[in-house]
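S.K.: coords-v7.txt is reproduced below (compact mmCIF, C-alpha atoms).
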# COMPACT_ATOMS: atom_id res chain seq x y z
CA MET A 1 10.39 -19.83 -2.81
CA THR A 2 12.62 -18.36 -0.14
CA THR A 3 11.29 -18.32 3.40
CA LEU A 4 11.93 -14.99 5.13
CA SER A 5 12.32 -14.82 8.89
CA SER A 6 10.55 -12.46 11.33
CA ALA A 7 7.53 -10.50 10.03
CA ARG A 8 5.04 -11.32 7.31
CA ARG A 9 6.50 -9.97 4.11
CA HIS A 10 4.89 -8.92 0.96
CA ILE A 11 6.29 -7.74 -2.42
CA ASN A 12 4.22 -6.28 -5.24
CA SER A 13 4.92 -4.88 -8.68
CA ASN A 14 8.21 -4.89 -10.56
CA TYR A 15 10.81 -2.38 -9.45
CA HIS A 16 14.15 -3.83 -10.44
CA ARG A 17 16.88 -1.99 -8.57
CA LEU A 18 16.29 -1.87 -4.85
CA LYS A 19 18.33 -0.19 -2.16
CA PRO A 20 19.44 -0.97 1.36
CA SER A 21 18.38 1.37 4.10
CA SER A 22 19.86 1.36 7.55
CA SER A 23 16.92 0.36 9.70
CA LEU A 24 13.91 -1.87 9.30
CA LEU A 25 11.10 -2.68 11.68
CA PHE A 26 8.77 -4.04 9.04
CA LEU A 27 9.22 -4.87 5.36
CA VAL A 28 6.34 -5.94 3.21
CA ILE A 29 6.94 -8.46 0.43
CA LEU A 30 3.79 -9.90 -1.16
CA LEU A 31 3.90 -13.65 -1.66
CA VAL A 32 1.15 -15.85 -3.04
CA SER A 33 0.43 -19.12 -1.25
CA PRO A 34 -1.83 -21.86 -2.63
CA ARG A 35 -5.11 -22.67 -0.90
CA LYS A 36 -7.63 -25.44 -1.21
CA VAL A 37 -10.85 -23.94 -2.55
CA VAL A 38 -14.26 -25.18 -3.57
CA ALA A 39 -16.78 -23.59 -5.91
CA SER A 40 -19.92 -22.46 -4.15
CA PRO A 41 -22.69 -21.15 -6.42
CA SER A 42 -24.99 -20.62 -3.43
CA PHE A 43 -22.90 -17.67 -2.24
CA ALA A 44 -22.80 -14.35 -4.08
CA PRO A 45 -19.62 -12.28 -4.31
CA THR A 46 -19.55 -9.00 -2.47
CA CYS A 47 -17.59 -6.90 -4.93
CA ALA A 48 -19.09 -7.72 -8.30
CA ALA A 49 -22.21 -9.74 -8.94
CA ASP A 50 -21.16 -10.73 -12.46
CA TYR A 51 -18.04 -12.63 -11.33
CA SER A 52 -17.84 -16.17 -9.97
CA LEU A 53 -16.22 -16.62 -6.59
CA ALA A 54 -14.22 -19.40 -4.97
CA TYR A 55 -14.63 -20.22 -1.29
CA THR A 56 -12.40 -21.86 1.27
CA ASN A 57 -13.82 -24.92 2.91
CA LYS A 58 -11.64 -25.99 5.83
CA GLY A 59 -12.65 -29.15 7.60
CA GLY A 60 -15.80 -29.67 5.54
CA ASP A 61 -17.51 -26.55 6.87
CA GLN A 62 -21.10 -26.37 5.61
CA ASN A 63 -20.77 -22.59 5.35
CA PRO A 64 -17.53 -22.06 3.45
CA LYS A 65 -15.89 -18.70 3.91
CA PRO A 66 -15.17 -16.48 0.88
CA LEU A 67 -11.66 -16.50 -0.47
CA MET A 68 -9.97 -13.10 -0.93
CA ARG A 69 -12.07 -11.26 -3.51
CA ALA A 70 -9.13 -9.61 -5.15
CA TRP A 71 -9.45 -8.41 -8.74
CA MET A 72 -13.19 -7.93 -8.26
CA CYS A 73 -13.50 -4.65 -6.38
CA HIS A 74 -13.97 -2.37 -9.37
CA GLY A 75 -15.63 0.94 -8.61
CA LYS A 76 -17.28 3.84 -10.40
CA SER A 77 -15.59 6.32 -8.06
CA GLN A 78 -12.91 6.35 -5.37
CA ARG A 79 -15.50 5.87 -2.64
CA ASP A 80 -17.23 3.08 -4.53
CA MET A 81 -13.92 1.26 -5.01
CA VAL A 82 -12.87 1.68 -1.36
CA ASP A 83 -16.31 0.64 -0.08
CA LYS A 84 -16.07 -2.55 -2.12
CA LEU A 85 -12.59 -3.27 -0.80
CA ALA A 86 -14.00 -2.84 2.71
CA SER A 87 -17.04 -5.02 1.97
CA ALA A 88 -14.70 -7.74 0.72
CA GLY A 89 -12.81 -7.64 3.99
CA ILE A 90 -9.61 -6.46 2.32
CA VAL A 91 -9.66 -3.00 3.92
CA LYS A 92 -10.42 -3.46 7.61
CA ALA A 93 -8.91 -0.60 9.60
CA SER A 94 -10.68 2.75 9.63
CA ILE A 95 -7.31 4.54 9.39
CA ASN A 96 -6.56 2.78 6.11
CA LYS A 97 -10.04 3.34 4.73
CA GLN A 98 -9.90 7.05 5.49
CA ALA A 99 -6.44 7.37 3.91
CA LEU A 100 -7.60 5.60 0.75
CA LEU A 101 -10.68 7.81 0.54
CA SER A 102 -8.46 10.88 0.84
CA VAL A 103 -6.32 10.11 -2.24
CA ASP A 104 -8.16 9.86 -5.56
CA ARG A 105 -6.63 7.10 -7.67
CA ARG A 106 -7.84 8.93 -10.78
CA ASN A 107 -4.98 11.43 -10.31
CA TYR A 108 -2.40 8.65 -10.45
CA ALA A 109 -3.75 6.19 -13.03
CA PRO A 110 -2.74 6.53 -16.69
CA ASN A 111 -6.33 6.26 -17.91
CA GLU A 112 -9.13 8.00 -16.01
CA GLY A 113 -11.66 5.62 -17.56
CA SER A 114 -10.13 2.65 -15.75
CA ALA A 115 -8.76 4.45 -12.70
CA TYR A 116 -11.00 2.52 -10.30
CA ALA A 117 -10.58 -0.91 -11.89
CA ASP A 118 -9.17 -3.50 -9.50
CA SER A 119 -6.22 -4.31 -11.72
CA PRO A 120 -2.65 -3.08 -12.28
CA GLN A 121 -2.11 -0.54 -15.06
CA PRO A 122 1.07 0.33 -16.97
CA ILE A 123 2.61 3.72 -16.23
CA GLY A 124 5.58 3.42 -18.57
CA TYR A 125 9.22 2.38 -18.17
CA GLY A 126 8.16 -1.20 -17.59
CA GLN A 127 6.32 -0.32 -14.38
CA THR A 128 2.71 -0.38 -13.21
CA ILE A 129 0.43 1.16 -10.63
CA SER A 130 -0.61 -1.89 -8.64
CA ALA A 131 -4.18 -3.12 -8.32
CA PRO A 132 -6.15 -1.42 -5.52
CA HIS A 133 -6.51 -4.64 -3.54
CA MET A 134 -2.71 -4.99 -3.49
CA HIS A 135 -2.32 -1.50 -2.06
CA ALA A 136 -5.02 -2.30 0.50
CA HIS A 137 -3.16 -5.42 1.66
CA VAL A 138 0.04 -3.40 2.02
CA LEU A 139 -1.71 -0.85 4.24
CA GLU A 140 -3.28 -3.52 6.42
CA ASP A 141 0.08 -5.24 6.91
CA LEU A 142 2.00 -2.06 7.65
CA LEU A 143 -0.50 -0.50 10.04
CA PRO A 144 0.20 -2.69 13.13
CA PRO A 145 3.92 -1.81 13.43
CA LEU A 146 3.09 1.85 12.87
CA LEU A 147 0.50 1.72 15.65
CA ARG A 148 2.94 -0.05 17.98
CA ALA A 149 5.60 2.56 17.32
CA SER A 150 3.10 5.36 17.95
CA LYS A 151 1.93 3.81 21.21
CA LYS A 152 5.48 3.16 22.42
CA GLN A 153 6.73 6.69 21.68
CA PRO A 154 3.69 8.99 21.28
CA THR A 155 5.76 12.10 20.51
CA LYS A 156 8.26 10.58 18.08
CA PRO A 157 7.51 11.22 14.38
CA LEU A 158 7.05 8.14 12.24
CA SER A 159 9.24 7.54 9.21
CA ILE A 160 8.06 5.48 6.22
CA LEU A 161 10.09 4.50 3.16
CA ASP A 162 8.33 3.66 -0.11
CA VAL A 163 10.80 1.99 -2.48
CA GLY A 164 9.63 2.15 -6.09
CA CYS A 165 7.16 5.02 -5.73
CA GLY A 166 6.12 4.78 -9.39
CA SER A 167 2.98 6.85 -9.94
CA GLY A 168 3.15 8.28 -6.41
CA TYR A 169 -0.22 6.88 -5.37
CA LEU A 170 0.76 4.73 -2.41
CA THR A 171 3.32 7.31 -1.30
CA ALA A 172 0.50 9.85 -1.07
CA VAL A 173 -1.75 7.42 0.81
CA PHE A 174 1.04 6.86 3.34
CA GLY A 175 1.28 10.64 3.59
CA ARG A 176 -2.41 10.96 4.46
CA MET A 177 -1.94 8.37 7.21
CA VAL A 178 0.77 10.39 8.98
CA GLU A 179 0.05 13.99 8.00
CA PRO A 180 -0.43 16.41 10.93
CA LYS A 181 -3.33 15.23 13.10
CA GLY A 182 -5.14 18.51 12.57
CA ASN A 183 -5.52 17.61 8.89
CA ARG A 184 -6.95 14.12 9.36
CA GLU A 185 -9.80 12.37 11.11
CA VAL A 186 -8.33 11.11 14.38
CA PRO A 187 -10.02 8.06 15.97
CA SER A 188 -11.34 8.49 19.50
CA SER A 189 -9.24 5.59 20.79
CA SER A 190 -5.65 6.54 21.59
CA SER A 191 -4.55 3.00 20.67
CA THR A 192 -5.53 3.61 17.04
CA ILE A 193 -3.91 7.01 16.55
CA LEU A 194 -0.81 7.29 14.40
CA ASN A 195 1.86 9.84 15.20
CA ASP A 196 2.63 12.54 12.68
CA GLY A 197 5.41 11.50 10.37
CA LYS A 198 7.37 11.70 7.15
CA VAL A 199 7.13 9.59 4.01
CA TYR A 200 10.03 9.17 1.61
CA GLY A 201 9.20 7.91 -1.87
CA ILE A 202 12.16 6.82 -3.96
CA ASP A 203 12.53 5.44 -7.48
CA VAL A 204 15.49 4.67 -9.69
CA VAL A 205 13.71 6.04 -12.78
CA PRO A 206 13.90 9.87 -12.86
CA GLN A 207 10.87 10.15 -15.13
CA LEU A 208 8.75 8.23 -12.61
CA VAL A 209 9.88 10.51 -9.80
CA GLU A 210 8.74 13.49 -11.86
CA MET A 211 5.47 11.68 -12.59
CA SER A 212 4.97 11.07 -8.87
CA LYS A 213 5.51 14.74 -8.06
CA SER A 214 3.20 15.84 -10.86
CA ASN A 215 0.45 13.43 -9.81
CA ILE A 216 0.69 14.39 -6.13
CA MET A 217 0.49 18.08 -7.01
CA LYS A 218 -2.91 17.60 -8.70
CA GLU A 219 -4.88 17.35 -5.44
CA ASP A 220 -2.42 16.28 -2.75
CA GLY A 221 0.18 18.99 -3.14
CA ASP A 222 -0.19 20.00 0.51
CA LEU A 223 1.69 16.81 1.39
CA LEU A 224 4.72 18.07 -0.53
CA ASP A 225 4.33 21.66 0.67
CA SER A 226 4.24 20.59 4.33
CA GLY A 227 7.21 18.27 3.95
CA THR A 228 5.10 15.28 4.99
CA VAL A 229 6.04 13.60 1.69
CA ARG A 230 9.32 13.77 -0.20
CA VAL A 231 9.89 12.06 -3.54
CA MET A 232 13.38 11.64 -4.96
CA VAL A 233 15.60 9.65 -7.31
CA ARG A 234 17.41 6.95 -5.34
CA ASP A 235 18.65 3.40 -5.89
CA GLY A 236 16.36 1.11 -3.94
CA TRP A 237 19.18 -1.21 -2.92
CA LYS A 238 20.66 1.64 -0.86
CA GLY A 239 17.37 3.02 0.47
CA TYR A 240 17.42 6.47 2.06
CA PRO A 241 19.58 6.42 5.22
CA ASP A 242 18.91 10.12 5.93
CA GLY A 243 15.30 9.25 6.76
CA SER A 244 16.07 6.29 9.00
CA PRO A 245 15.26 4.67 11.30
CA PHE A 246 12.07 3.65 9.52
CA GLN A 247 9.05 2.22 11.28
CA ALA A 248 7.84 0.78 7.97
CA ILE A 249 9.39 0.08 4.59
CA HIS A 250 7.32 -0.83 1.56
CA VAL A 251 9.10 -2.33 -1.44
CA GLY A 252 6.92 -2.14 -4.55
CA ALA A 253 9.36 -4.26 -6.44
CA ALA A 254 10.73 -7.55 -7.64
CA ALA A 255 14.35 -8.51 -7.17
CA ALA A 256 16.60 -11.47 -7.89
CA THR A 257 17.73 -11.52 -4.26
CA PHE A 258 16.37 -10.17 -1.00
CA PRO A 259 17.61 -6.61 -0.26
CA LYS A 260 19.29 -7.54 3.03
CA GLU A 261 20.47 -4.03 3.90
CA LEU A 262 16.90 -2.72 3.95
Just dump the structure as structure tokens.

M.R.:
Amino acid sequence: MTTLSSARRHINSNYHRLKPSSSLLFLVILLVSPRKVVASPSFAPTCAADYSLAYTNKGGDQNPKPLMRAWMCHGKSQRDMVDKLASAGIVKASINKQALLSVDRRNYAPNEGSAYADSPQPIGYGQTISAPHMHAHVLEDLLPPLLRASKKQPTKPLSILDVGCGSGYLTAVFGRMVEPKGNREVPSSSSTILNDGKVYGIDVVPQLVEMSKSNIMKEDGDLLDSGTVRVMVRDGWKGYPDGSPFQAIHVGAAAATFPKEL
């Protein structure tokens, strides 16, 4: 596995043709690292009582801490799903929780009956909408650089690139994070306020771009109407230079080599 310098990097999903963009402050590429775990029947999982749960036990701790409860945060509604992600400690920041609550996954999943299942689902063309816990991890990792940029230049609009927008779900969530402040719940602390901004969702598959637009228009069409979100056909290896510099770039993709120009 290749070690990447600077920031923590996370990649999810399987978008095959990425693009370089001119500027990068933070790129997320999701990697899985092994951990030593022990079974602990005396502890109950937070997300789903009918699943077993592994726990980390560093240094022989008598009270082992729960391992990431991914794949277990299934919900009966958007709020139920997000509340379980928060209870599991996967969603931590109030900004991220509010953004997730503002975009109903049902409008983006291929099957409404499993829209709130904590698992990836196929959307056609060899692609998937990622599991909710994966999206939550992306948001938690991307929030700090966005907050730093907002604090450093409070009047400068943020710019976010979402490579491999797929169903449009995460693109819309990003949009809710940076839509005009008058449209969102703004925290009382100035250190946790994001600037207004723009989100650019790109995909190499034209049909998925149309799917993204169609899904966003169901209940989040104001993001397109206001220009907060733009979705377009682009090759991910080349990114979208017109929107740069970006304060955050998410690559929902897999690639044979690292997209250095991003």

S.K.: Between A:Met72, A:Ala109, A:Val163, A:Leu208, single out the one closest to Pro259 of chain A, counting all atoms listed in the file.

M.R.: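 Closest to Pro259 of chain A, using all atoms listed in the file: A:Val163.
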
S.K.: Env of Ser167 of chain A: 7 Å cut, atoms = all atoms listed in the file, seq-sep filter 5 positions within chain, self excluded. Answer as a ChimeraX atom specification.

M.R.: /A:108,129,208,211-212

S.K.: Tell me, as a list in words, which residues lie within 8 Å of His137 of chain A, counting all atoms listed in the file; anything in the same chain fewer than 4 positions away does not count.

M.R.: Ile90, Val91, His133 and Asp141 of chain A

S.K.: If I take atom CA of Thr155 of chain A and atom CA of Leu194 of chain A, how far is one from the other in Å, to one decimal?

M.R.: 10.2 Å

S.K.: Do a neighbour search on Ile202 of chain A at 12 Å with all atoms listed in the file, toss out local chain neighbours closer than 5 positions, and write the hits as a PyMOL selection string.

M.R.: chain A and resi 15+17-21+160-168+170-171+207-213+229-241+243+249-253

S.K.: Kindly give the distance, in Å, that separates atom CA of Val138 of chain A and atom CA of Gln247 of chain A, rounded to a single decimal.

M.R.: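 According to the coordinates, atom CA of Val138 of chain A and atom CA of Gln247 of chain A are separated by 14.1 Å.
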
S.K.: Place a sphere of radius 9 Å on (-2.7, 6.5, 10.4) in the file coordinates and name every protein, DNA or RNA residue with an atom inside or on its surface, counting all atoms listed in the file; give the answer as a ChimeraX atom specification.

M.R.: /A:94-96,98-99,143,146-147,174-179,184,186,192-196

S.K.: Which value, in Å to one decimal, gives the distance between atom CA of Val199 of chain A and atom CA of Asn111 of chain A?

M.R.: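 If I compute the distance from atom CA of Val199 of chain A to atom CA of Asn111 of chain A, I get 25.9 Å.
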
S.K.: Using all atoms of segment 154-166 of chain A that appear in the file, construct an axis-aligned enclosing box with 3 Å of padding on every side and provide its centre coordinates and edge lengths in Å, rounded to one decimal, as lines of an AutoDock Vina configuration file.

M.R.:
center_x = 7.2
center_y = 7.0
center_z = 5.9
size_x = 13.1
size_y = 16.1
size_z = 36.7

S.K.: Between A:Leu224, A:Ala149, A:Ala88, A:Val103, which is the closest to Ala248 of chain A once you count all atoms listed in the file?

M.R.: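 Among A:Leu224, A:Ala149, A:Ala88, A:Val103, it is A:Ala149 that comes nearest to Ala248 of chain A.
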
S.K.: Using only C-alpha atoms, find the one residue out of A:Ser159, A:Trp71, A:Leu139, A:Lys97 that sits nearest to Gly201 of chain A.

M.R.: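 Using only C-alpha atoms, the shortest distance to Gly201 of chain A belongs to A:Ser159.
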
S.K.: For each of A:Gly124, A:Ser119, A:Gly221, A:Phe246, take the minimum atom-to-atom distance to Pro145 of chain A, counting only C-alpha atoms, then give the residue where this is smallest.

M.R.: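 Ranking A:Gly124, A:Ser119, A:Gly221, A:Phe246 by distance to Pro145 of chain A, first place goes to A:Phe246.
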
S.K.: Looking at all atoms listed in the file, which of A:Pro144, A:Gly75, A:Gly126, A:Gly113 is the one that sits closest to Val205 of chain A?

M.R.: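 Result for the nearest residue to Val205 of chain A: A:Gly126.
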
S.K.: Provide segment 131-142 of chain A rebuilt to all heavy atoms, formatted as a PDB file, in the coordinates of the input.

M.R.:
ATOM      1  N   ALA A 131      -2.735  -3.017  -8.499  1.00  0.00           N
ATOM      2  CA  ALA A 131      -4.180  -3.120  -8.320  1.00  0.00           C
ATOM      3  C   ALA A 131      -4.565  -2.586  -6.934  1.00  0.00           C
ATOM      4  O   ALA A 131      -3.809  -2.749  -5.970  1.00  0.00           O
ATOM      5  CB  ALA A 131      -4.619  -4.571  -8.455  1.00  0.00           C
ATOM      6  N   PRO A 132      -5.728  -1.973  -6.809  1.00  0.00           N
ATOM      7  CA  PRO A 132      -6.150  -1.420  -5.520  1.00  0.00           C
ATOM      8  C   PRO A 132      -6.135  -2.423  -4.372  1.00  0.00           C
ATOM      9  O   PRO A 132      -5.777  -2.074  -3.252  1.00  0.00           O
ATOM     10  CB  PRO A 132      -7.580  -0.932  -5.809  1.00  0.00           C
ATOM     11  CG  PRO A 132      -7.551  -0.567  -7.264  1.00  0.00           C
ATOM     12  CD  PRO A 132      -6.664  -1.608  -7.900  1.00  0.00           C
ATOM     13  N   HIS A 133      -6.504  -3.669  -4.640  1.00  0.00           N
ATOM     14  CA  HIS A 133      -6.510  -4.640  -3.540  1.00  0.00           C
ATOM     15  C   HIS A 133      -5.099  -4.925  -3.046  1.00  0.00           C
ATOM     16  O   HIS A 133      -4.898  -5.228  -1.863  1.00  0.00           O
ATOM     17  CB  HIS A 133      -7.218  -5.946  -3.951  1.00  0.00           C
ATOM     18  CG  HIS A 133      -6.437  -6.802  -4.893  1.00  0.00           C
ATOM     19  ND1 HIS A 133      -6.565  -6.715  -6.259  1.00  0.00           N
ATOM     20  CD2 HIS A 133      -5.499  -7.762  -4.657  1.00  0.00           C
ATOM     21  CE1 HIS A 133      -5.749  -7.594  -6.828  1.00  0.00           C
ATOM     22  NE2 HIS A 133      -5.092  -8.243  -5.887  1.00  0.00           N
ATOM     23  N   MET A 134      -4.085  -4.802  -3.926  1.00  0.00           N
ATOM     24  CA  MET A 134      -2.710  -4.990  -3.490  1.00  0.00           C
ATOM     25  C   MET A 134      -2.280  -3.859  -2.555  1.00  0.00           C
ATOM     26  O   MET A 134      -1.657  -4.090  -1.522  1.00  0.00           O
ATOM     27  CB  MET A 134      -1.783  -5.047  -4.708  1.00  0.00           C
ATOM     28  CG  MET A 134      -2.022  -6.229  -5.624  1.00  0.00           C
ATOM     29  SD  MET A 134      -1.575  -7.785  -4.848  1.00  0.00           S
ATOM     30  CE  MET A 134       0.202  -7.766  -5.037  1.00  0.00           C
ATOM     31  N   HIS A 135      -2.633  -2.633  -2.926  1.00  0.00           N
ATOM     32  CA  HIS A 135      -2.320  -1.500  -2.060  1.00  0.00           C
ATOM     33  C   HIS A 135      -3.031  -1.653  -0.709  1.00  0.00           C
ATOM     34  O   HIS A 135      -2.457  -1.337   0.343  1.00  0.00           O
ATOM     35  CB  HIS A 135      -2.763  -0.200  -2.733  1.00  0.00           C
ATOM     36  CG  HIS A 135      -1.873   0.229  -3.852  1.00  0.00           C
ATOM     37  ND1 HIS A 135      -2.327   0.934  -4.941  1.00  0.00           N
ATOM     38  CD2 HIS A 135      -0.541   0.045  -4.055  1.00  0.00           C
ATOM     39  CE1 HIS A 135      -1.309   1.181  -5.763  1.00  0.00           C
ATOM     40  NE2 HIS A 135      -0.227   0.648  -5.242  1.00  0.00           N
ATOM     41  N   ALA A 136      -4.263  -2.131  -0.744  1.00  0.00           N
ATOM     42  CA  ALA A 136      -5.020  -2.300   0.500  1.00  0.00           C
ATOM     43  C   ALA A 136      -4.342  -3.314   1.418  1.00  0.00           C
ATOM     44  O   ALA A 136      -4.248  -3.111   2.631  1.00  0.00           O
ATOM     45  CB  ALA A 136      -6.450  -2.734   0.185  1.00  0.00           C
ATOM     46  N   HIS A 137      -3.855  -4.413   0.850  1.00  0.00           N
ATOM     47  CA  HIS A 137      -3.160  -5.420   1.660  1.00  0.00           C
ATOM     48  C   HIS A 137      -1.883  -4.839   2.277  1.00  0.00           C
ATOM     49  O   HIS A 137      -1.549  -5.130   3.427  1.00  0.00           O
ATOM     50  CB  HIS A 137      -2.818  -6.639   0.810  1.00  0.00           C
ATOM     51  CG  HIS A 137      -3.979  -7.568   0.595  1.00  0.00           C
ATOM     52  ND1 HIS A 137      -4.609  -8.222   1.635  1.00  0.00           N
ATOM     53  CD2 HIS A 137      -4.624  -7.943  -0.538  1.00  0.00           C
ATOM     54  CE1 HIS A 137      -5.593  -8.964   1.142  1.00  0.00           C
ATOM     55  NE2 HIS A 137      -5.617  -8.806  -0.162  1.00  0.00           N
ATOM     56  N   VAL A 138      -1.172  -4.035   1.505  1.00  0.00           N
ATOM     57  CA  VAL A 138       0.040  -3.400   2.020  1.00  0.00           C
ATOM     58  C   VAL A 138      -0.295  -2.544   3.241  1.00  0.00           C
ATOM     59  O   VAL A 138       0.376  -2.612   4.279  1.00  0.00           O
ATOM     60  CB  VAL A 138       0.718  -2.545   0.935  1.00  0.00           C
ATOM     61  CG1 VAL A 138       1.803  -1.649   1.538  1.00  0.00           C
ATOM     62  CG2 VAL A 138       1.342  -3.435  -0.140  1.00  0.00           C
ATOM     63  N   LEU A 139      -1.336  -1.728   3.127  1.00  0.00           N
ATOM     64  CA  LEU A 139      -1.710  -0.850   4.240  1.00  0.00           C
ATOM     65  C   LEU A 139      -2.102  -1.643   5.474  1.00  0.00           C
ATOM     66  O   LEU A 139      -1.718  -1.291   6.598  1.00  0.00           O
ATOM     67  CB  LEU A 139      -2.872   0.057   3.812  1.00  0.00           C
ATOM     68  CG  LEU A 139      -2.588   1.040   2.668  1.00  0.00           C
ATOM     69  CD1 LEU A 139      -3.855   1.812   2.317  1.00  0.00           C
ATOM     70  CD2 LEU A 139      -1.465   1.995   3.038  1.00  0.00           C
ATOM     71  N   GLU A 140      -2.860  -2.709   5.284  1.00  0.00           N
ATOM     72  CA  GLU A 140      -3.280  -3.520   6.420  1.00  0.00           C
ATOM     73  C   GLU A 140      -2.088  -4.186   7.107  1.00  0.00           C
ATOM     74  O   GLU A 140      -2.065  -4.331   8.332  1.00  0.00           O
ATOM     75  CB  GLU A 140      -4.294  -4.585   5.977  1.00  0.00           C
ATOM     76  CG  GLU A 140      -5.652  -4.033   5.569  1.00  0.00           C
ATOM     77  CD  GLU A 140      -6.414  -3.413   6.741  1.00  0.00           C
ATOM     78  OE1 GLU A 140      -6.303  -3.938   7.876  1.00  0.00           O
ATOM     79  OE2 GLU A 140      -7.106  -2.399   6.531  1.00  0.00           O
ATOM     80  N   ASP A 141      -1.090  -4.592   6.331  1.00  0.00           N
ATOM     81  CA  ASP A 141       0.080  -5.240   6.910  1.00  0.00           C
ATOM     82  C   ASP A 141       1.021  -4.258   7.597  1.00  0.00           C
ATOM     83  O   ASP A 141       1.694  -4.608   8.575  1.00  0.00           O
ATOM     84  CB  ASP A 141       0.844  -6.017   5.833  1.00  0.00           C
ATOM     85  CG  ASP A 141       0.192  -7.349   5.505  1.00  0.00           C
ATOM     86  OD1 ASP A 141      -0.596  -7.843   6.327  1.00  0.00           O
ATOM     87  OD2 ASP A 141       0.465  -7.896   4.423  1.00  0.00           O
ATOM     88  N   LEU A 142       1.082  -3.038   7.078  1.00  0.00           N
ATOM     89  CA  LEU A 142       2.000  -2.060   7.650  1.00  0.00           C
ATOM     90  C   LEU A 142       1.420  -1.298   8.841  1.00  0.00           C
ATOM     91  O   LEU A 142       2.168  -0.733   9.645  1.00  0.00           O
ATOM     92  CB  LEU A 142       2.439  -1.061   6.588  1.00  0.00           C
ATOM     93  CG  LEU A 142       3.455  -1.560   5.565  1.00  0.00           C
ATOM     94  CD1 LEU A 142       3.757  -0.495   4.532  1.00  0.00           C
ATOM     95  CD2 LEU A 142       4.747  -1.978   6.250  1.00  0.00           C
TER      96      LEU A 142
END
